[in-house]
$ cat start.txt   # compact mmCIF, C-alpha atoms
# COMPACT_ATOMS: atom_id res chain seq x y z
CA MET Q 1 42.65 -25.70 -214.46
CA LYS Q 2 40.08 -23.64 -216.21
CA ILE Q 3 42.00 -23.91 -219.45
CA LYS Q 4 42.14 -27.67 -219.13
CA THR Q 5 38.38 -27.87 -218.66
CA LEU Q 6 37.90 -25.77 -221.73
CA ALA Q 7 40.22 -28.00 -223.72
CA GLY Q 8 38.25 -31.01 -222.54
CA THR Q 9 35.01 -29.44 -223.68
CA CYS Q 10 36.50 -28.68 -227.06
CA ALA Q 11 37.64 -32.26 -227.48
CA ALA Q 12 34.16 -33.48 -226.60
CA ALA Q 13 32.62 -31.05 -229.07
CA ALA Q 14 35.03 -32.20 -231.76
CA LEU Q 15 34.05 -35.80 -231.09
CA ALA Q 16 30.38 -34.91 -231.28
CA PHE Q 17 30.99 -33.23 -234.62
CA ALA Q 18 32.87 -36.23 -235.94
CA GLY Q 19 29.91 -38.41 -234.98
CA LEU Q 20 27.52 -36.05 -236.69
CA SER Q 21 29.58 -35.95 -239.87
CA ALA Q 22 29.67 -39.70 -240.19
CA TRP Q 23 25.91 -39.80 -239.91
CA ALA Q 24 25.28 -36.98 -242.33
CA GLY Q 25 26.10 -38.66 -245.63
CA PRO Q 26 23.84 -38.62 -248.67
CA VAL Q 27 20.55 -40.47 -248.18
CA ASP Q 28 20.09 -43.75 -250.01
CA ASP Q 29 16.91 -43.10 -252.00
CA THR Q 30 15.65 -42.97 -255.58
CA LEU Q 31 13.70 -40.23 -257.28
CA VAL Q 32 10.81 -40.88 -259.65
CA ILE Q 33 8.76 -37.82 -260.54
CA ASN Q 34 4.99 -38.23 -261.07
CA GLU Q 35 5.56 -42.01 -260.87
CA GLU Q 36 6.84 -41.73 -264.41
CA ILE Q 37 10.08 -39.78 -264.92
CA GLU Q 38 13.05 -41.68 -263.53
CA ILE Q 39 15.80 -39.35 -262.38
CA VAL Q 40 19.46 -40.36 -262.11
CA THR Q 41 20.49 -38.66 -258.86
CA HIS Q 42 23.51 -40.80 -258.11
CA THR Q 43 26.28 -42.31 -260.22
CA THR Q 44 29.14 -44.44 -259.00
CA SER Q 45 31.65 -42.84 -261.34
CA ALA Q 46 32.30 -39.22 -262.20
CA PRO Q 47 33.60 -38.21 -265.65
CA ASP Q 48 37.36 -38.76 -265.81
CA TYR Q 49 38.12 -35.07 -266.42
CA ILE Q 50 36.70 -34.29 -262.97
CA ASP Q 51 39.35 -34.54 -260.27
CA GLY Q 52 38.33 -35.27 -256.75
CA LEU Q 53 34.91 -36.88 -257.27
CA SER Q 54 34.50 -40.64 -257.35
CA GLU Q 55 30.71 -40.52 -257.24
CA GLN Q 56 28.15 -37.95 -258.26
CA TYR Q 57 25.23 -37.06 -256.02
CA SER Q 58 22.44 -34.67 -256.86
CA GLY Q 59 21.75 -32.20 -254.07
CA TRP Q 60 18.43 -34.00 -253.68
CA HIS Q 61 20.22 -36.71 -251.63
CA PHE Q 62 21.31 -34.22 -249.00
CA ARG Q 63 17.88 -32.84 -248.17
CA GLU Q 64 15.39 -34.07 -245.60
CA ASP Q 65 12.60 -36.58 -246.25
CA ASP Q 66 9.84 -33.98 -246.55
CA THR Q 67 11.83 -31.80 -248.93
CA ARG Q 68 12.72 -34.79 -251.11
CA ASP Q 69 9.08 -35.90 -251.20
CA MET Q 70 7.96 -32.52 -252.50
CA GLN Q 71 9.86 -33.19 -255.69
CA ARG Q 72 8.23 -36.55 -256.39
CA ASP Q 73 4.97 -35.01 -257.55
CA ASP Q 74 4.50 -31.89 -259.65
CA PHE Q 75 1.49 -30.90 -257.58
CA ASP Q 76 3.63 -30.81 -254.44
CA ASN Q 77 6.56 -29.06 -256.14
CA PRO Q 78 6.16 -25.29 -255.67
CA GLY Q 79 8.66 -24.75 -258.50
CA MET Q 80 5.95 -25.91 -260.88
CA LEU Q 81 4.04 -22.70 -260.10
CA GLY Q 82 6.86 -20.91 -261.89
CA VAL Q 83 6.58 -23.35 -264.77
CA GLU Q 84 2.87 -22.59 -265.03
CA ALA Q 85 3.51 -18.86 -265.00
CA ALA Q 86 6.11 -19.29 -267.74
CA MET Q 87 3.60 -21.25 -269.83
CA GLU Q 88 1.52 -18.08 -270.05
CA ASP Q 89 4.54 -16.04 -271.12
CA TRP Q 90 5.38 -18.75 -273.63
CA ASN Q 91 2.06 -18.22 -275.39
CA THR Q 92 1.92 -14.43 -274.95
CA GLU Q 93 3.06 -12.21 -277.80
CA ASP Q 94 5.60 -9.61 -276.79
CA GLY Q 95 7.76 -7.05 -278.58
CA ALA Q 96 7.75 -5.29 -281.94
CA GLU Q 97 7.59 -8.44 -284.05
CA GLY Q 98 4.33 -9.57 -282.47
CA LYS Q 99 5.70 -13.00 -281.72
CA SER Q 100 5.49 -15.29 -278.74
CA CYS Q 101 7.83 -18.18 -277.94
CA ALA Q 102 5.11 -20.45 -279.34
CA SER Q 103 5.14 -18.67 -282.73
CA CYS Q 104 8.46 -20.31 -283.58
CA HIS Q 105 8.88 -23.13 -281.09
CA GLU Q 106 5.27 -24.38 -280.82
CA ALA Q 107 4.92 -26.38 -277.60
CA PRO Q 108 7.58 -26.14 -274.86
CA GLU Q 109 8.16 -29.87 -275.37
CA SER Q 110 10.12 -28.89 -278.50
CA MET Q 111 12.78 -27.65 -276.05
CA ALA Q 112 13.38 -31.14 -274.66
CA GLY Q 113 17.11 -31.72 -274.36
CA VAL Q 114 18.09 -28.05 -274.54
CA ARG Q 115 18.79 -27.77 -270.82
CA THR Q 116 21.07 -30.81 -270.87
CA GLN Q 117 23.72 -28.97 -272.94
CA MET Q 118 23.71 -25.63 -271.13
CA PRO Q 119 25.94 -23.68 -271.12
CA LYS Q 120 26.82 -24.19 -274.76
CA PHE Q 121 29.26 -22.45 -277.08
CA SER Q 122 27.40 -20.43 -279.72
CA GLU Q 123 29.19 -20.35 -283.07
CA THR Q 124 27.20 -17.34 -284.25
CA LYS Q 125 27.91 -15.31 -281.12
CA GLY Q 126 31.42 -16.67 -280.65
CA THR Q 127 30.94 -17.09 -276.91
CA MET Q 128 29.62 -19.37 -274.20
CA MET Q 129 25.86 -19.01 -273.84
CA THR Q 130 23.72 -20.00 -270.87
CA LEU Q 131 20.01 -20.75 -271.09
CA GLU Q 132 19.28 -17.20 -269.89
CA MET Q 133 21.33 -15.76 -272.74
CA TYR Q 134 19.58 -17.91 -275.34
CA ILE Q 135 16.21 -16.76 -274.00
CA ASN Q 136 17.26 -13.11 -274.19
CA GLU Q 137 18.72 -13.61 -277.65
CA CYS Q 138 15.30 -14.79 -278.80
CA ARG Q 139 13.59 -11.91 -277.07
CA THR Q 140 15.78 -9.12 -278.39
CA GLU Q 141 16.70 -10.40 -281.85
CA ARG Q 142 13.65 -12.36 -282.94
CA MET Q 143 10.77 -10.96 -280.91
CA GLY Q 144 11.90 -7.34 -280.75
CA ALA Q 145 11.16 -7.42 -277.03
CA GLU Q 146 13.16 -6.10 -274.12
CA ALA Q 147 15.70 -8.40 -272.53
CA TRP Q 148 14.78 -9.84 -269.17
CA GLY Q 149 17.09 -9.35 -266.21
CA TRP Q 150 19.06 -12.43 -265.13
CA ASP Q 151 17.08 -12.92 -261.93
CA ASP Q 152 13.73 -11.49 -263.03
CA ALA Q 153 10.90 -13.77 -262.00
CA ALA Q 154 9.86 -14.11 -265.66
CA MET Q 155 13.38 -15.21 -266.64
CA VAL Q 156 13.81 -17.74 -263.84
CA ASN Q 157 10.32 -19.10 -264.51
CA MET Q 158 11.12 -19.52 -268.20
CA THR Q 159 14.33 -21.42 -267.41
CA ALA Q 160 12.21 -23.62 -265.11
CA LEU Q 161 9.78 -24.34 -267.95
CA ILE Q 162 12.57 -25.19 -270.38
CA SER Q 163 14.32 -27.36 -267.77
CA SER Q 164 11.12 -29.16 -266.85
CA VAL Q 165 10.71 -30.68 -270.33
CA SER Q 166 14.25 -32.13 -270.12
CA ARG Q 167 13.76 -33.83 -266.75
CA GLY Q 168 15.18 -37.32 -266.74
CA MET Q 169 17.58 -36.64 -269.61
CA PRO Q 170 21.30 -36.83 -268.80
CA VAL Q 171 23.29 -33.62 -268.42
CA ASN Q 172 25.76 -33.51 -271.30
CA VAL Q 173 27.76 -30.29 -271.26
CA ALA Q 174 30.64 -30.03 -273.75
CA VAL Q 175 34.03 -29.49 -272.11
CA ASP Q 176 36.25 -29.64 -275.19
CA GLY Q 177 36.53 -27.74 -278.46
CA PRO Q 178 35.57 -24.07 -278.22
CA ALA Q 179 34.22 -24.62 -274.68
CA ALA Q 180 37.63 -25.66 -273.36
CA PRO Q 181 39.03 -22.23 -272.40
CA PHE Q 182 35.81 -21.35 -270.52
CA TRP Q 183 35.87 -24.71 -268.81
CA GLU Q 184 39.52 -24.21 -267.79
CA LEU Q 185 38.75 -20.79 -266.32
CA GLY Q 186 35.78 -22.22 -264.46
CA LYS Q 187 37.93 -25.01 -263.09
CA GLU Q 188 40.54 -22.55 -261.89
CA MET Q 189 37.82 -20.55 -260.12
CA TYR Q 190 36.44 -23.71 -258.55
CA TYR Q 191 39.74 -24.37 -256.81
CA THR Q 192 40.52 -20.72 -255.97
CA ARG Q 193 39.99 -19.63 -252.38
CA TYR Q 194 37.78 -16.55 -252.14
CA GLY Q 195 36.95 -14.09 -249.41
CA GLN Q 196 38.02 -13.43 -245.87
CA LEU Q 197 37.19 -17.02 -245.00
CA GLU Q 198 39.48 -18.22 -247.79
CA LEU Q 199 37.15 -20.92 -249.03
CA SER Q 200 37.11 -22.40 -252.51
CA CYS Q 201 34.12 -24.19 -253.99
CA ALA Q 202 36.09 -27.43 -253.62
CA ASN Q 203 36.70 -26.93 -249.88
CA CYS Q 204 33.01 -27.41 -249.18
CA HIS Q 205 31.50 -29.18 -252.16
CA GLU Q 206 34.28 -31.60 -253.06
CA GLN Q 207 36.18 -32.24 -249.84
CA ASN Q 208 33.31 -31.96 -247.38
CA TYR Q 209 30.06 -32.86 -249.07
CA GLY Q 210 27.91 -34.86 -246.67
CA ASN Q 211 29.29 -32.92 -243.70
CA PHE Q 212 27.70 -30.03 -241.90
CA ILE Q 213 28.90 -26.45 -242.10
CA ARG Q 214 27.20 -25.13 -239.01
CA ALA Q 215 23.57 -26.14 -239.56
CA ASP Q 216 23.87 -26.48 -243.32
CA HIS Q 217 24.24 -29.85 -244.90
CA LEU Q 218 26.83 -29.59 -247.67
CA SER Q 219 25.97 -31.08 -251.06
CA GLN Q 220 28.26 -31.54 -254.01
CA GLY Q 221 27.00 -28.26 -255.38
CA GLN Q 222 25.62 -29.90 -258.50
CA VAL Q 223 23.54 -27.63 -260.73
CA ASN Q 224 21.47 -30.29 -262.52
CA GLY Q 225 18.45 -29.33 -260.40
CA PHE Q 226 18.44 -25.64 -261.27
CA PRO Q 227 16.48 -23.49 -261.18
CA VAL Q 228 15.71 -24.62 -257.62
CA TYR Q 229 12.75 -23.64 -255.51
CA ARG Q 230 14.36 -22.68 -252.21
CA LEU Q 231 11.97 -23.07 -249.32
CA LYS Q 232 13.75 -20.35 -247.33
CA ASP Q 233 13.24 -17.85 -250.16
CA ALA Q 234 9.85 -19.21 -251.23
CA LYS Q 235 10.88 -18.68 -254.84
CA LEU Q 236 12.93 -20.10 -257.69
CA SER Q 237 16.64 -19.28 -257.82
CA SER Q 238 18.97 -19.22 -260.79
CA ILE Q 239 22.39 -20.89 -260.85
CA HIS Q 240 24.22 -17.57 -260.77
CA ASN Q 241 22.12 -16.34 -257.88
CA ARG Q 242 23.27 -19.39 -255.95
CA PHE Q 243 26.92 -18.83 -256.93
CA LYS Q 244 26.56 -15.28 -255.66
CA GLY Q 245 25.20 -16.56 -252.35
CA CYS Q 246 28.07 -18.98 -251.94
CA ILE Q 247 30.77 -16.43 -252.69
CA ARG Q 248 29.10 -13.91 -250.41
CA ASP Q 249 29.20 -16.52 -247.65
CA THR Q 250 32.98 -16.65 -247.98
CA ARG Q 251 32.87 -12.91 -247.20
CA ALA Q 252 34.11 -11.95 -250.64
CA GLU Q 253 32.95 -9.36 -253.13
CA THR Q 254 30.94 -11.47 -255.55
CA PHE Q 255 30.76 -11.47 -259.30
CA LYS Q 256 27.51 -10.40 -260.88
CA PRO Q 257 24.93 -12.86 -262.22
CA GLY Q 258 25.60 -13.03 -265.95
CA SER Q 259 29.26 -12.02 -265.60
CA PRO Q 260 31.89 -13.85 -267.73
CA GLU Q 261 33.31 -15.34 -264.52
CA PHE Q 262 30.02 -16.93 -263.50
CA ILE Q 263 29.39 -18.19 -267.05
CA ALA Q 264 32.78 -19.93 -266.96
CA LEU Q 265 32.10 -21.30 -263.48
CA GLU Q 266 28.69 -22.55 -264.59
CA THR Q 267 30.34 -24.35 -267.51
CA TYR Q 268 32.73 -26.17 -265.21
CA VAL Q 269 30.23 -26.91 -262.44
CA ALA Q 270 27.62 -28.14 -264.93
CA SER Q 271 30.22 -30.52 -266.41
CA ARG Q 272 30.79 -32.01 -262.95
CA GLY Q 273 27.19 -33.20 -263.23
CA ASN Q 274 27.52 -34.79 -266.68
CA GLY Q 275 25.68 -38.09 -266.34
CA LEU Q 276 23.17 -36.97 -263.70
CA SER Q 277 19.63 -36.24 -264.89
CA VAL Q 278 18.22 -32.79 -265.41
CA GLU Q 279 15.99 -32.25 -262.39
CA GLY Q 280 14.89 -28.63 -262.54
CA PRO Q 281 12.83 -27.16 -261.13
CA SER Q 282 13.93 -28.97 -257.98
CA VAL Q 283 13.09 -28.28 -254.32
CA ARG Q 284 15.79 -27.49 -251.79
CA ASN Q 285 15.91 -25.76 -248.43
CA MET P 1 -7.30 -8.05 -254.88
CA ALA P 2 -4.04 -9.92 -254.69
CA LYS P 3 -2.60 -10.68 -258.11
CA ASP P 4 -2.34 -14.07 -259.80
CA VAL P 5 -4.37 -15.95 -257.24
CA LYS P 6 -5.13 -19.38 -258.60
CA PRO P 7 -6.51 -22.34 -256.64
CA ARG P 8 -5.39 -25.86 -257.48
CA VAL P 9 -6.89 -29.05 -256.14
CA LYS P 10 -6.01 -32.71 -256.52
CA VAL P 11 -8.75 -35.24 -255.70
CA PRO P 12 -8.96 -38.88 -256.82
CA LYS P 13 -11.59 -39.41 -259.53
CA SER P 14 -13.28 -42.24 -257.67
CA ALA P 15 -13.24 -44.06 -254.35
CA ALA P 16 -14.82 -47.11 -252.75
CA ALA P 17 -17.75 -46.36 -250.44
CA GLY P 18 -16.40 -45.51 -247.01
CA GLU P 19 -12.85 -45.08 -248.31
CA VAL P 20 -10.59 -42.42 -246.88
CA VAL P 21 -9.01 -40.39 -249.69
CA THR P 22 -6.16 -37.90 -249.59
CA ILE P 23 -6.84 -34.44 -250.92
CA LYS P 24 -4.18 -31.90 -251.82
CA THR P 25 -4.84 -28.20 -252.31
CA LEU P 26 -2.62 -25.28 -253.14
CA ILE P 27 -3.47 -21.67 -253.80
CA SER P 28 -0.94 -19.26 -255.26
CA HIS P 29 -1.00 -16.19 -253.05
CA PRO P 30 1.74 -13.85 -251.77
CA MET P 31 0.54 -14.09 -248.11
CA GLU P 32 1.95 -10.67 -247.23
CA SER P 33 2.34 -10.82 -243.45
CA GLY P 34 1.89 -7.15 -242.61
CA GLN P 35 5.21 -7.18 -240.76
CA ARG P 36 7.49 -6.30 -243.64
CA LYS P 37 8.51 -2.83 -244.73
CA ASP P 38 9.09 -1.51 -248.21
CA LYS P 39 12.20 0.38 -249.38
CA ASP P 40 10.95 3.63 -247.84
CA GLY P 41 10.32 2.07 -244.46
CA ASN P 42 6.53 2.00 -244.73
CA LEU P 43 4.67 -1.08 -243.58
CA ILE P 44 3.38 -3.24 -246.42
CA PRO P 45 -0.24 -3.88 -245.47
CA ARG P 46 -1.25 -7.39 -244.52
CA SER P 47 -2.86 -9.37 -247.32
CA ILE P 48 -3.37 -13.04 -246.64
CA ILE P 49 -5.84 -15.85 -247.09
CA ASN P 50 -7.41 -16.02 -243.63
CA ARG P 51 -9.70 -19.02 -243.93
CA PHE P 52 -9.90 -22.19 -245.95
CA THR P 53 -12.79 -24.66 -245.95
CA CYS P 54 -13.62 -27.90 -247.70
CA ASP P 55 -17.11 -29.41 -247.87
CA LEU P 56 -18.27 -32.71 -249.30
CA ASN P 57 -21.94 -32.66 -250.34
CA GLY P 58 -22.58 -29.79 -247.95
CA VAL P 59 -20.91 -31.48 -244.98
CA ASN P 60 -17.84 -29.74 -243.68
CA VAL P 61 -14.58 -31.70 -243.94
CA ILE P 62 -12.07 -29.13 -242.77
CA ASP P 63 -12.21 -25.49 -241.71
CA VAL P 64 -8.86 -23.76 -241.23
CA THR P 65 -7.98 -20.36 -239.81
CA LEU P 66 -4.79 -19.02 -241.36
CA ASP P 67 -2.51 -16.52 -239.67
CA PRO P 68 0.21 -14.25 -241.04
CA ALA P 69 3.09 -16.61 -240.26
CA ILE P 70 1.95 -19.01 -242.99
CA SER P 71 4.20 -18.69 -245.99
CA THR P 72 3.41 -17.89 -249.57
CA ASN P 73 1.29 -20.29 -251.69
CA PRO P 74 -0.41 -22.13 -248.80
CA TYR P 75 -0.64 -25.88 -249.33
CA PHE P 76 -2.97 -28.22 -247.47
CA GLU P 77 -3.07 -31.98 -247.56
CA PHE P 78 -5.79 -33.78 -245.63
CA ASP P 79 -7.98 -36.89 -245.65
CA ALA P 80 -11.71 -37.18 -246.21
CA LYS P 81 -14.01 -40.18 -245.83
CA VAL P 82 -16.20 -40.65 -248.90
CA ASP P 83 -19.51 -42.41 -248.18
CA ALA P 84 -21.37 -41.39 -251.31
CA ALA P 85 -20.58 -39.88 -254.70
CA GLY P 86 -20.78 -36.14 -254.86
CA GLU P 87 -18.79 -32.99 -255.04
CA PHE P 88 -16.01 -31.48 -252.99
CA LYS P 89 -16.26 -27.75 -252.63
CA PHE P 90 -13.16 -25.75 -251.69
CA THR P 91 -13.29 -22.15 -250.55
CA TRP P 92 -10.51 -19.70 -249.74
CA TYR P 93 -11.27 -16.34 -248.07
CA ASP P 94 -8.94 -13.40 -248.76
CA ASP P 95 -8.35 -10.48 -246.37
CA ASP P 96 -9.62 -8.13 -249.08
CA GLY P 97 -13.00 -9.87 -249.13
CA SER P 98 -12.34 -11.93 -252.26
CA VAL P 99 -13.53 -15.51 -252.14
CA TYR P 100 -11.90 -18.11 -254.37
CA GLU P 101 -13.74 -21.34 -255.07
CA ASP P 102 -13.07 -24.64 -256.74
CA THR P 103 -15.10 -27.85 -256.98
CA LYS P 104 -14.16 -31.43 -257.79
CA PRO P 105 -16.59 -34.32 -258.34
CA ILE P 106 -15.88 -37.77 -256.95
CA GLU P 107 -17.51 -41.04 -258.00
CA VAL P 108 -18.10 -44.01 -255.77
CA ALA P 109 -17.20 -47.20 -257.55

$ encode --input "start.txt" --output "structure tokens"
Amino acid sequence: MKIKTLAGTCAAAALAFAGLSAWAGPVDDTLVINEEIEIVTHTTSAPDYIDGLSEQYSGWHFREDDTRDMQRDDFDNPGMLGVEAAMEDWNTEDGAEGKSCASCHEAPESMAGVRTQMPKFSETKGTMMTLEMYINECRTERMGAEAWGWDDAAMVNMTALISSVSRGMPVNVAVDGPAAPFWELGKEMYYTRYGQLELSCANCHEQNYGNFIRADHLSQGQVNGFPVYRLKDAKLSSIHNRFKGCIRDTRAETFKPGSPEFIALETYVASRGNGLSVEGPSVRN
Amino acid sequence: MAKDVKPRVKVPKSAAAGEVVTIKTLISHPMESGQRKDKDGNLIPRSIINRFTCDLNGVNVIDVTLDPAISTNPYFEFDAKVDAAGEFKFTWYDDDGSVYEDTKPIEVA
């Protein structure tokens, strides 16, 4: 009898969950930043090389009203504090060559469009390069300065600054040519189950976006909004830091930020957002 | 003194007489709660903004007591009724005795 009661409770719980899932889809809303920059956060068709997605949704659609509102105005967006801090670094000379970013690149606005193509295959280096790697290449080879760590505040802030001037421009990551092998590896990782929980990226972010995993509202795992200001961390997070968090949550040993695996995964995941607007620095919970 | 403390304020440039305007303020500050420990297990001393005030032409608009549970970079949004042109004065009080100030003029059109 007891067992039956338990079974009944489970069925009721399952029903409740089903109800919750149906209600938890992406919010129908549009994002305009500073009443000026129109952001494409939703498309009705994904690129044809992406299996399993018929629509693209920025993670912005899966957050609550208050969180979404914070992104509508730069004053309300705490990620812009990082952008401001990076502006100082931009104009500050560092390293043996006595150069700042501004010495070569003038205003950060000259970087408009850079973020849309990241990660990008570098012919001179012969490898896939993320925004972080391009920043460090400048620092070590042209400024004679020390490389920043992948998740150093200065590094994440600088990626926020460079992203911020591309906001509203469509993500356009190359998936063919020299990028193809990296993209293929990233795709394989995306569909590989990791960890004791045996979860692949696709299990949550492709097959179950819009549903809850415990109290967390699953998004499509798009990276167009990175770096993101996470309210729970009260700081900006890099793409690889987020990958690490996800893989850790599957109870697996994670790859390191900046590892070849994460660079390949970033290539593939970024391409899933081709057509969405660059949004970073965005606000998420 | 806490590092990189910088107040920011957003006030409309002008208002109609008697209009209620929305004011937004944010100050970058770590707001160290005094509850956390460093790598060696020692308490990190509390260092927060403990009071925030806003005055319009010498008349108090808002006076807030802040406690350690408030997170980093405290943000306040509130309304003020503007009867005459003048100046908003914003003041933040730090645990270490520092006082950070900002002012914004407003015109009555």

$ residues_near_point --input "start.txt" --point "(19.6, -11.2, -268.3)" --cutoff "10 Å" --atoms "only C-alpha atoms" --output "list in words"
Leu131, Glu132, Met133, Tyr134, Ile135, Asn136, Glu137, Ala147, Trp148, Gly149, Trp150, Asp151, Asp152, Met155, Val156, Pro257 and Gly258 of chain Q

$ closest_residue --input "start.txt" --among "Q:His105, Q:Arg193, Q:Lys235, Q:Arg115" --to "chain P" --atoms "only C-alpha atoms"
Q:Lys235

$ interface_residues --input "start.txt" --of "chain Q" --to "chain P" --cutoff "12 Å" --atoms "all atoms listed in the file" --output "CSV table (one decimal) with C-alpha atoms, in the coordinates of the input"
chain,number,residue,atom,x,y,z
Q,70,MET,CA,8.0,-32.5,-252.5
Q,73,ASP,CA,5.0,-35.0,-257.6
Q,74,ASP,CA,4.5,-31.9,-259.6
Q,75,PHE,CA,1.5,-30.9,-257.6
Q,76,ASP,CA,3.6,-30.8,-254.4
Q,77,ASN,CA,6.6,-29.1,-256.1
Q,78,PRO,CA,6.2,-25.3,-255.7
Q,79,GLY,CA,8.7,-24.8,-258.5
Q,80,MET,CA,6.0,-25.9,-260.9
Q,81,LEU,CA,4.0,-22.7,-260.1
Q,82,GLY,CA,6.9,-20.9,-261.9
Q,84,GLU,CA,2.9,-22.6,-265.0
Q,85,ALA,CA,3.5,-18.9,-265.0
Q,88,GLU,CA,1.5,-18.1,-270.0
Q,231,LEU,CA,12.0,-23.1,-249.3
Q,232,LYS,CA,13.8,-20.4,-247.3
Q,233,ASP,CA,13.2,-17.8,-250.2
Q,234,ALA,CA,9.8,-19.2,-251.2
Q,235,LYS,CA,10.9,-18.7,-254.8

$ atom_distance --input "start.txt" --atom1 "atom CA of Q:Trp60" --atom2 "atom CA of Q:Ile263"
23.4 Å

$ residues_around --input "start.txt" --residues "P:Glu101" --least-positions-apart "4" --cutoff "7 Å" --atoms "only C-alpha atoms" --output "MDAnalysis selection string"
chainID P and resid 90:92

$ atom_distance --input "start.txt" --atom1 "atom CA of Q:Glu266" --atom2 "atom CA of Q:Gly186"
7.1 Å

$ residues_around --input "start.txt" --residues "Q:Glu55" --least-positions-apart "6" --cutoff "12 Å" --atoms "only C-alpha atoms" --output "list in words"
Pro26, Thr41, His42, Thr43, Thr44, Ser45, Ala46, Pro47, Asp48, Glu206, Tyr209, Gln220, Gln222, Arg272, Gly273, Asn274, Gly275 and Leu276 of chain Q

$ write_last_selection --input "start.txt" --atoms "C-alpha atoms" --output "PDB file, keeping the file's coordinate frame"
ATOM      1  CA  PRO Q  26      23.840 -38.620-248.670  1.00  0.00           C
ATOM      2  CA  THR Q  41      20.490 -38.660-258.860  1.00  0.00           C
ATOM      3  CA  HIS Q  42      23.510 -40.800-258.110  1.00  0.00           C
ATOM      4  CA  THR Q  43      26.280 -42.310-260.220  1.00  0.00           C
ATOM      5  CA  THR Q  44      29.140 -44.440-259.000  1.00  0.00           C
ATOM      6  CA  SER Q  45      31.650 -42.840-261.340  1.00  0.00           C
ATOM      7  CA  ALA Q  46      32.300 -39.220-262.200  1.00  0.00           C
ATOM      8  CA  PRO Q  47      33.600 -38.210-265.650  1.00  0.00           C
ATOM      9  CA  ASP Q  48      37.360 -38.760-265.810  1.00  0.00           C
ATOM     10  CA  GLU Q 206      34.280 -31.600-253.060  1.00  0.00           C
ATOM     11  CA  TYR Q 209      30.060 -32.860-249.070  1.00  0.00           C
ATOM     12  CA  GLN Q 220      28.260 -31.540-254.010  1.00  0.00           C
ATOM     13  CA  GLN Q 222      25.620 -29.900-258.500  1.00  0.00           C
ATOM     14  CA  ARG Q 272      30.790 -32.010-262.950  1.00  0.00           C
ATOM     15  CA  GLY Q 273      27.190 -33.200-263.230  1.00  0.00           C
ATOM     16  CA  ASN Q 274      27.520 -34.790-266.680  1.00  0.00           C
ATOM     17  CA  GLY Q 275      25.680 -38.090-266.340  1.00  0.00           C
ATOM     18  CA  LEU Q 276      23.170 -36.970-263.700  1.00  0.00           C
TER      19      LEU Q 276
END

$ atom_distance --input "start.txt" --atom1 "atom CA of Q:Gly113" --atom2 "atom CA of Q:Asp176"
19.3 Å

$ closest_residue --input "start.txt" --among "Q:Gly52, Q:Pro260, Q:Gly95, Q:Pro281" --to "Q:Phe226" --atoms "only C-alpha atoms"
Q:Pro281

$ residues_around --input "start.txt" --residues "Q:Ile33" --least-positions-apart "5" --cutoff "9 Å" --atoms "only C-alpha atoms" --output "number ranges by chain"
Q: 38-39, 71-74, 167-168

$ closest_residue --input "start.txt" --among "P:Val99, P:Met31, P:Leu43, P:Ala85" --to "P:Ile70" --atoms "only C-alpha atoms"
P:Met31

$ residues_around --input "start.txt" --residues "Q:Gln117" --least-positions-apart "3" --cutoff "12 Å" --atoms "only C-alpha atoms" --output "ChimeraX atom specification"
/Q:111-114,120-122,128-131,163,166,169-175,179,224,266-267,270-271,273-275,277-278

$ decode --input "start.txt" --residues "stretch 91-97 of chain Q" --atoms "N, CA, C and O atoms" --output "short mmCIF file (atom, residue, chain, number, x, y, z; two decimals), in the first residue's frame"
data_model
loop_
_atom_site.label_atom_id
_atom_site.label_comp_id
_atom_site.auth_asym_id
_atom_site.auth_seq_id
_atom_site.Cartn_x
_atom_site.Cartn_y
_atom_site.Cartn_z
N ASN Q 91 44.04 52.54 -22.54
CA ASN Q 91 44.83 53.77 -22.72
C ASN Q 91 46.11 53.79 -21.89
O ASN Q 91 46.83 54.77 -21.90
N THR Q 92 46.36 52.71 -21.13
CA THR Q 92 47.53 52.69 -20.25
C THR Q 92 48.68 51.94 -20.92
O THR Q 92 48.51 50.80 -21.37
N GLU Q 93 49.84 52.59 -20.99
CA GLU Q 93 51.01 51.92 -21.56
C GLU Q 93 51.47 50.81 -20.64
O GLU Q 93 51.44 50.94 -19.43
N ASP Q 94 51.91 49.70 -21.25
CA ASP Q 94 52.35 48.56 -20.47
C ASP Q 94 53.43 47.86 -21.27
O ASP Q 94 53.40 47.84 -22.50
N GLY Q 95 54.40 47.27 -20.57
CA GLY Q 95 55.40 46.45 -21.25
C GLY Q 95 56.59 47.23 -21.76
O GLY Q 95 56.66 48.46 -21.67
N ALA Q 96 57.55 46.46 -22.32
CA ALA Q 96 58.85 47.01 -22.70
C ALA Q 96 58.78 48.00 -23.86
O ALA Q 96 59.62 48.88 -23.99
N GLU Q 97 57.77 47.85 -24.70
CA GLU Q 97 57.69 48.70 -25.89
C GLU Q 97 57.06 50.06 -25.58
O GLU Q 97 57.03 50.94 -26.45
#
